[in-house]
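The block underneath contains the structure these notes are about, expressed in structure tokens.
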Amino acid sequence: MSGLSIVLRSIWRRAEGRFALIVLALWVVVALVSLVWTPQSLWVTDGYHVWARPSADHWLGTDGTGADVFSWLMAGSLTNLLIVLLTVALCAVWGLALVAAMVARSAALSSVAVVLVDALISIPTVLVALILAVPLGASIVVVVIACGFGYGLNLARIARPAALLAARSSYVESALSNGAGGWRVLVSHIIPNILPVLAVQLSLSAGTAVLAESGLTYLGIGVPSGVPSWGHSLATSVKLINVFPLTVLWPGLIVTVVVVALNVFGDVLRDAIDPVANPALRRVEEGDGKAGRGCMPNGIFETDKVVEASQSCETTENHAGNAAAVAIRGGEHNGGEAYDGR
Amino acid sequence: MGVDVRGLCVTIGGSRIISDVDLRIVDGERVGLIGSSGSGKSMISKAMLGLLPVNAEPTGSVSMGGVEVLGASERALADLRGRYVGTVFQNPAAALNPVMTVGQQVALPLRLHYDLTRAERAERVRAMLGKVGLPGEAYGKYPHELSGGQQQRVGIATALITSPRFIIADEPTTALDSITQRQIVDLLTSLVDDAGAAMLFITHDFSVLARATTRCYVLDAGRIVESGNTVDLLAAPATAETRRLVGAARSLTLHAGVGEAKEPGESKERSDE
Amino acid sequence: MRFVIHRLALFVVALFGLSIVIFAALRILPGDVASVMAGVNASPARVAQLREQLGLNRSLVEQYGDWMGALVRGDFGTSILTGRSVTALVASRAAITFPLIIVGLLIALAIGLPLGCAAVLARSARVRALFHMMSIIGGAIPALWGGLLLILLFGRGVGLIGILPSQGFPLDGWAMPGRALLSLVLPALSVGIIVGASIMRYTRAALGGFADSGYVDMARSCGMTRTQAVLRVGLRLATPQLVSVIGLTFASMITGVMVIENLFALPGIGNGLVTDVGNRDLIAVQSELFLLAAFFLGIGLIVDVLHRVLDPRMKTATSLSEVSQ
């Protein structure tokens with residue numbers, strides 16, 4: 001069994017994991033179906049049925065132009081999926097670039113990167129979006145760059161301790177002395193060690209990106225009007241509030257459920273991907289003779305455990321009694337920010 | 001204060017960490033609990049103190065000076081802790097409150113249990129700091145400004161400030177270097193003896209145990225596998241686990257020059273600064 | 001002290017960098033800025049006049065220098081559309097936004113901190129799971145939708161219990177404080193509930209990390225109950241983290257605040273900025289973005305310095321990232 005299928009199985013085994021997987025799968029399916037079919041054409045506007053109540057023809061009614069609300073929501077799921085995927089990709093690339101710079105051997109580069117992250121981390125998404133919106137106008141690009149930029153900074157800050165520990169490990173030392181380049185070290189030593197943090201952070205970022213899309217689109221600096229998106233549907237539903245209040249519920253409910261699913265997915269993923277918390281995964285890795293992929297002790301997989309490991313000479317009762325360790329932490333992980341990172 | 005543990009079991013998330021542990025400590029006795037990493041030693045001490053994690057389910061009986069600990073209210077346990085039972089933790093850097101000065105830290109049990117004026121507290125704390133061999137200026141310092149050995153002295157001072165009847169020392173020397181280990185063990189045993197208190201000394205290192213205790217229990221995978229006079233056990237271990245631990249201690253002793261087998265000259269001891 | 005000077009220098013450099021980014025973003029408008037701003041039907045003479053007025057026929061470096069020079073003197077320029085000074089514009093908008101943010105944040109803290117602590121203190125696994133679910137759902141509600149739901153519940157005219165004004169702000173501003181405050185109740189509540197959920201989540205995470213720590217065990221072994229130890233020791237130790245996180249939440253809640261301002265038709269900073277961007281009111285947008293950037297960089301600065309003051313162990317480290325994570 002591959003690591004991926006074990007991780008997915010562990011997620012599926014928990015009720016909340018099942019919920020997250022089903023919602024996310026449904027999202028992808030609906031988005032793909034909307035490519036070829038929606039109950040009503042998006043562009044058919046029926047002047048006689050403006051603000052219509054839900055009916056057999058219009059499951060969730062129509063908006064102010066007579067367009068079908070349900071069809072727009074379906075089509076919107078595709079736009080949102082695209083935005084989320086692009087944001088996550090940008091966030092990963094930008095975040096990893098920052099991480100690489102922050103743990104670089106060159107003291108100048110690493111301190112510049114650290115300082116840069118410190119200084120810019122408080123700049124909100126909407127400010128970046130506004131700056132971009134002036135030359136670009138409302139556009140998907142604005143949403144993706146604004147979100148990817150901010151979330152990448154966040155990712156870098158959170159992944160840094162684990163990356164630093166990996167980068168200063170004796171394995172990396174020996175790889176470097178054997179002539180491995182910085183790129184190779186990043187790909188084969190640092191990324192595997194920050195993978196759990198990375199995966200969790202990215203799924204949280206995906207949720208935030210969905211929320212940001214709805215906000216930015218409503219403000220007129222996100223997805224341009226005329227392009228279906230959940231934010232667009234939500235913004236449209238605002239106008240419906242005096243006409244047919246219950247229609248307001250649907251777009252917001254969809255966004256909320258999807259964001260909950262992405263957050264829950266992140267939470268469950270954290271446990272499933274962590275070899276300390278997931279014995280099945282550990283067995284595979286040990287069986288393959290490559291325990292702790294990045295050749296690091298288990299302790300590296302979470303920042304709080306790094307601290308634990310560094311604080312006690314002997315990480316005693318926690319790692320050896322694995323069942324105990326899992327149970328003690330009771331699946332209640334802290335957000336990944338350890339207090340004291342040495 | 002006598003301690004009587006009978007049939008203690010601890011289950012966490014369906015898996016049994018501690019199975020059927022019996023353990024007895026009479027007044028004024030220094031008893032060891034030894035086992036390798038993950039054998040559940042700390043879990044036993046946590047059960048005695050009522051500090052088990054919220055999802056742990058203990059069964060059996062732990063009686064301290066006639067008071068049943070298991071099932072007691074947190075309030076009742078809190079009254080016991082720091083007043084009748086003192087605790088020294090494994091790693092002082094992860095236990096001493098980083099935002100409290102040494103003076104505040106050592107005074108904490110007094111503040112929580114006794115109605116003293118500020119001056120009275122300060123006076124007692126200063127006297128206690130003297131007893132554990134800390135310089136006067138340590139009073140206003142933060143833990144991170146002290147060395148590991150000094151931090152553990154603060155931990156010992158905090159545990160002993162209220163003259164408790166029973167001390168639990170949970171691997172108090174593990175985080176320290178070998179010379180400091182010796183000093184801390186000697187300090188702890190002499191202070192405990194002076195106070196006439198009983199002590200449970202938890203460790204994985206036989207060489208430390210021989211110095212600190214007269215009698216001991218060997219724990220393996222949550223069960224007591226052997227018990228008896230520490231020196232006898234060290235000389236003739238009966239079970240495989242005990243042999244392993246004794247073997248580990250011997251090899252440590254050879255390298256570090258600590259323990260009974262080989263006494264380095266007392267003059268070699270230096271301050272742990 | 002060295003750290004503060006260090007951090008202050010960083011603030012200035014970052015602000016300088018952002019001012020260049022903002023300036024550049026506003027100059028690379030596709031097409032001629034002046035004609036975009038003047039509108040489609042403007043006469044060539046009007047466009048030329050505007051270009052002259054904006055100094056667009058001068059070199060970019062000169063334009064930037066003029067802007068910076070004026071900023072340093074405290075002159076933020078004049079809105080081209082309304083003819084009002086940007087300073088006055090921002091001040092009148094801030095008089096709505098700041099109370100909204102502050103009341104919203106207070107509501108968020110009043111919700112998030114106790115619930116976060118309760119989530120950690122709960123002994124039953126089921127109750128903990130319930131708190132966890134609450135924080136996740138609360139944090140997943142889009143600000144717009146949260147506001148809408150509150151209007152549907154309490155908004156005058158549409159709500160089930162229509163008792164609160166759901167639109168607008170008194171035209172005479174704070175002349176009648178009661179009415180002004182009343183019109184901020186629903187918006188602040190919307191902001192507060194959503195931000196409260198994330199504060200709850202962070203509190204739970206930060207405090208949870210300490211609840212099982214040696215520090216709390218130590219305090220308990222000295223004679224505190226679990227609740228006492230978590231609230232007195234755990235919360236104190238989690239404070240530096242919480243301050244950082246709340247500071248950053250403050251930054252991230254601004255999108256929600258802008259949405260809420262828009263939804264409730266409050267003429268605040270966010271609403272105004274969006275309008276000005278829509279109108280391509282170049283001078284106003286440029287200075288407003290700069291002020292906003294300065295504000296958030298300032299929050300970052302304050303948070304970093306506070307973080308440091310609160311943790312005695314950090315007095316020797318140089319960069320926050322060295323220790324905060």
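In the structure tokens, each chain is lettered A, B, ... as it comes, each chain's residues begin at 1, and ligands are numbered from 1 in order of appearance.
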
Please identify every residue of chain B that has at least one atom no farther than 9 Å from an atom of chain C, counting only C-alpha atoms, and for each give the shortest atom pair and the distance in Å to one decimal, arranged by chain then increasing number, as CSV.
residue,atom,partner,partner_atom,distance
B:Leu49,CA,C:Ser221,CA,7.3
B:Leu51,CA,C:Asp217,CA,6.9
B:Pro53,CA,C:Asp212,CA,7.3
B:Val54,CA,C:Arg123,CA,6.0
B:Asn55,CA,C:Ala125,CA,7.6
B:Glu74,CA,C:Thr225,CA,5.9
B:Arg75,CA,C:Thr225,CA,6.0
B:Ala76,CA,C:Thr225,CA,8.8
B:Leu77,CA,C:Thr225,CA,7.7
B:Ala78,CA,C:Gly223,CA,4.5
B:Asp79,CA,C:Gly223,CA,5.8
B:Leu80,CA,C:Gly223,CA,7.0
B:Arg81,CA,C:Gly223,CA,4.8
B:Gly82,CA,C:Cys222,CA,4.0
B:Arg83,CA,C:Gly223,CA,7.1
B:Val85,CA,C:Ser221,CA,8.0
B:Gly86,CA,C:Ser221,CA,6.9
B:Thr87,CA,C:Ser221,CA,6.3
B:Val88,CA,C:Met218,CA,8.6
B:Phe89,CA,C:Met218,CA,7.7
B:Asn91,CA,C:Gly214,CA,8.3
B:Pro92,CA,C:Gly214,CA,8.6
B:Ala93,CA,C:Gly214,CA,8.9
B:Ala94,CA,C:Gly214,CA,5.4
B:Ala95,CA,C:Tyr215,CA,4.3
B:Leu96,CA,C:Tyr215,CA,6.0
B:Asn97,CA,C:Tyr215,CA,5.6
B:Pro98,CA,C:Arg313,CA,7.2
B:Val99,CA,C:Pro312,CA,6.3
B:Leu108,CA,C:Cys222,CA,6.6
B:Pro109,CA,C:Cys222,CA,4.8
B:Leu110,CA,C:Cys222,CA,8.6
B:Leu112,CA,C:Gly223,CA,6.2
B:His113,CA,C:Gly223,CA,7.3
B:Tyr142,CA,C:Pro312,CA,7.7
B:Pro143,CA,C:Arg313,CA,8.9
B:His144,CA,C:Arg313,CA,6.5
B:Glu145,CA,C:Arg313,CA,8.5
B:Thr158,CA,C:Cys222,CA,7.7
B:Ala159,CA,C:Cys222,CA,7.5

Selected residues written out, N, CA and C atoms, as a compact mmCIF listing (two decimals), in the first residue's frame:
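Just written: result.txt:
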# COMPACT_ATOMS: atom_id res chain seq x y z
N LEU B 49 -0.20 11.90 41.61
CA LEU B 49 -0.38 13.34 41.82
C LEU B 49 -1.72 13.84 41.30
N LEU B 51 -2.27 14.06 38.11
CA LEU B 51 -1.90 14.88 36.95
C LEU B 51 -2.04 14.12 35.63
N PRO B 53 -3.37 12.89 32.08
CA PRO B 53 -4.10 13.62 31.04
C PRO B 53 -5.60 13.33 31.13
N VAL B 54 -6.40 14.27 30.62
CA VAL B 54 -7.85 14.18 30.83
C VAL B 54 -8.47 12.91 30.26
N ASN B 55 -7.84 12.33 29.24
CA ASN B 55 -8.45 11.14 28.63
C ASN B 55 -7.93 9.83 29.23
N GLU B 74 -10.41 17.49 42.12
CA GLU B 74 -9.21 18.25 41.76
C GLU B 74 -8.83 19.21 42.87
N ARG B 75 -9.86 19.77 43.54
CA ARG B 75 -9.61 20.70 44.63
C ARG B 75 -8.86 19.99 45.77
N ALA B 76 -9.34 18.78 46.12
CA ALA B 76 -8.71 18.03 47.20
C ALA B 76 -7.28 17.66 46.83
N LEU B 77 -7.09 17.28 45.57
CA LEU B 77 -5.75 16.91 45.11
C LEU B 77 -4.83 18.12 45.14
N ALA B 78 -5.37 19.27 44.73
CA ALA B 78 -4.56 20.48 44.71
C ALA B 78 -4.11 20.84 46.14
N ASP B 79 -4.98 20.57 47.12
CA ASP B 79 -4.60 20.83 48.50
C ASP B 79 -3.46 19.93 48.95
N LEU B 80 -3.45 18.72 48.38
CA LEU B 80 -2.41 17.75 48.72
C LEU B 80 -1.06 18.14 48.07
N ARG B 81 -1.15 18.51 46.79
CA ARG B 81 0.05 18.81 46.02
C ARG B 81 0.70 20.10 46.52
N GLY B 82 1.99 20.06 46.67
CA GLY B 82 2.73 21.25 47.07
C GLY B 82 2.68 21.49 48.57
N ARG B 83 1.81 20.75 49.27
CA ARG B 83 1.73 20.92 50.71
C ARG B 83 2.27 19.67 51.40
N VAL B 85 2.81 16.76 49.36
CA VAL B 85 3.59 16.06 48.33
C VAL B 85 4.32 17.08 47.48
N GLY B 86 5.64 16.96 47.40
CA GLY B 86 6.43 17.83 46.55
C GLY B 86 6.89 17.06 45.33
N THR B 87 7.05 17.77 44.21
CA THR B 87 7.45 17.08 43.00
C THR B 87 8.65 17.77 42.36
N VAL B 88 9.63 16.95 41.96
CA VAL B 88 10.75 17.47 41.19
C VAL B 88 10.63 16.88 39.79
N PHE B 89 10.62 17.73 38.79
CA PHE B 89 10.39 17.27 37.43
C PHE B 89 11.68 16.96 36.69
N ASN B 91 12.71 17.80 33.57
CA ASN B 91 13.41 18.84 32.84
C ASN B 91 13.00 20.21 33.36
N PRO B 92 13.82 20.82 34.21
CA PRO B 92 13.41 22.09 34.82
C PRO B 92 13.14 23.17 33.78
N ALA B 93 13.83 23.11 32.64
CA ALA B 93 13.62 24.15 31.63
C ALA B 93 12.21 24.11 31.09
N ALA B 94 11.57 22.93 31.14
CA ALA B 94 10.21 22.80 30.63
C ALA B 94 9.19 22.80 31.76
N ALA B 95 9.63 23.04 32.98
CA ALA B 95 8.70 23.00 34.11
C ALA B 95 8.66 24.35 34.84
N LEU B 96 9.82 24.95 35.06
CA LEU B 96 9.85 26.23 35.77
C LEU B 96 9.19 27.29 34.91
N ASN B 97 8.25 28.00 35.47
CA ASN B 97 7.52 29.03 34.74
C ASN B 97 8.50 30.09 34.21
N PRO B 98 8.60 30.23 32.88
CA PRO B 98 9.61 31.14 32.32
C PRO B 98 9.35 32.61 32.61
N VAL B 99 8.13 32.97 33.01
CA VAL B 99 7.88 34.38 33.28
C VAL B 99 7.87 34.68 34.78
N LEU B 108 5.80 29.95 45.34
CA LEU B 108 4.45 29.61 44.88
C LEU B 108 3.70 28.64 45.79
N PRO B 109 4.31 27.51 46.18
CA PRO B 109 3.57 26.59 47.07
C PRO B 109 3.21 27.26 48.39
N LEU B 110 4.07 28.12 48.90
CA LEU B 110 3.76 28.84 50.15
C LEU B 110 2.57 29.74 49.94
N LEU B 112 0.22 29.47 47.79
CA LEU B 112 -1.02 28.75 47.54
C LEU B 112 -1.58 28.08 48.80
N HIS B 113 -0.68 27.72 49.74
CA HIS B 113 -1.16 26.92 50.87
C HIS B 113 -1.12 27.63 52.21
N TYR B 142 15.46 35.04 36.22
CA TYR B 142 14.52 34.18 35.52
C TYR B 142 15.19 32.84 35.23
N PRO B 143 14.41 31.77 35.12
CA PRO B 143 15.00 30.43 34.93
C PRO B 143 15.99 30.37 33.75
N HIS B 144 15.65 31.08 32.66
CA HIS B 144 16.52 30.95 31.48
C HIS B 144 17.89 31.60 31.69
N GLU B 145 18.02 32.34 32.79
CA GLU B 145 19.32 32.96 33.08
C GLU B 145 20.22 32.05 33.91
N THR B 158 11.63 24.46 45.22
CA THR B 158 10.18 24.60 45.12
C THR B 158 9.47 23.39 45.72
N ALA B 159 10.03 22.20 45.44
CA ALA B 159 9.39 20.98 45.93
C ALA B 159 9.47 20.88 47.44

Problem - In region 74-238 of chain C, DSSP helix (DSSP H, G or I) residues written as a PyMOL selection string - result: chain C and resi 86-121+125-140+143-154+173-175+177-211+214-221+226-238

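Residues from chain B that have an atom within 8 Å of chain A, counting only C-alpha atoms, are Ile12, Gly13, Ser15, Ile17, Ser37, Gly38, Ser39, Gly40, Ser42, Pro53, Asn55, Ala56, Asn91, Ala93, Ala94, Thr174 and Ala175 of chain B.
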
Using C-alpha atoms, can you write the selected residues to a file as a compact mmCIF listing (two decimals), in the first residue's frame?
# COMPACT_ATOMS: atom_id res chain seq x y z
CA ILE B 12 -5.57 5.71 27.62
CA GLY B 13 -7.65 5.60 24.48
CA SER B 15 -4.76 0.82 25.38
CA ILE B 17 -0.36 1.82 29.80
CA SER B 37 11.85 4.74 28.24
CA GLY B 38 8.17 4.21 27.66
CA SER B 39 7.75 1.70 30.46
CA GLY B 40 5.17 4.00 32.09
CA SER B 42 5.98 8.89 34.65
CA PRO B 53 -4.10 13.62 31.04
CA ASN B 55 -8.45 11.14 28.63
CA ALA B 56 -6.63 8.71 30.95
CA ASN B 91 13.41 18.84 32.84
CA ALA B 93 13.62 24.15 31.63
CA ALA B 94 10.21 22.80 30.63
CA THR B 174 18.10 12.96 33.27
CA ALA B 175 18.44 16.37 31.68

Practice task
Measure the distance from CA of Ile190 (chain A) to CA of Ala104 (chain A) in Å and round it to one decimal.
Solution key: 11.2 Å

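Excluding Asp20 (chain B) and any residue on its chain fewer than 2 positions from it, the residues at most 10 Å away by only C-alpha atoms are B:Val5, B:Arg6, B:Gly7, B:Leu8, B:Cys9, B:Val10, B:Ile18, B:Asp22, B:Leu23, B:Thr59, B:Gly60, B:Gly222, B:Arg223, B:Ile224.
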
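Closest approach to chain C among A:Leu109, A:Val264, A:Val23, A:Val93: A:Val264, based on only C-alpha atoms.
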
Practice task
For chain C, list the residues within 7 Å of chain A, counting only C-alpha atoms, and write the list as a ChimeraX atom specification.
Solution key: /C:10-11,14,22,25-26,28-30,136-137,140-142,144-145,158,205-206,208-209,248,251-252,255-256,259,274,277,293,296-297,300,321,323-325

Fill in the blank from the handout: Taken to one decimal, the CA of Leu146 (chain B)-CA of Thr117 (chain B) distance is 27.3 Å

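The shortest atom-to-atom distance to Ala163 (chain A), with only C-alpha atoms taken into account, belongs to A:Val99 out of A:Val99, A:Val112, A:Thr62, A:Val143.
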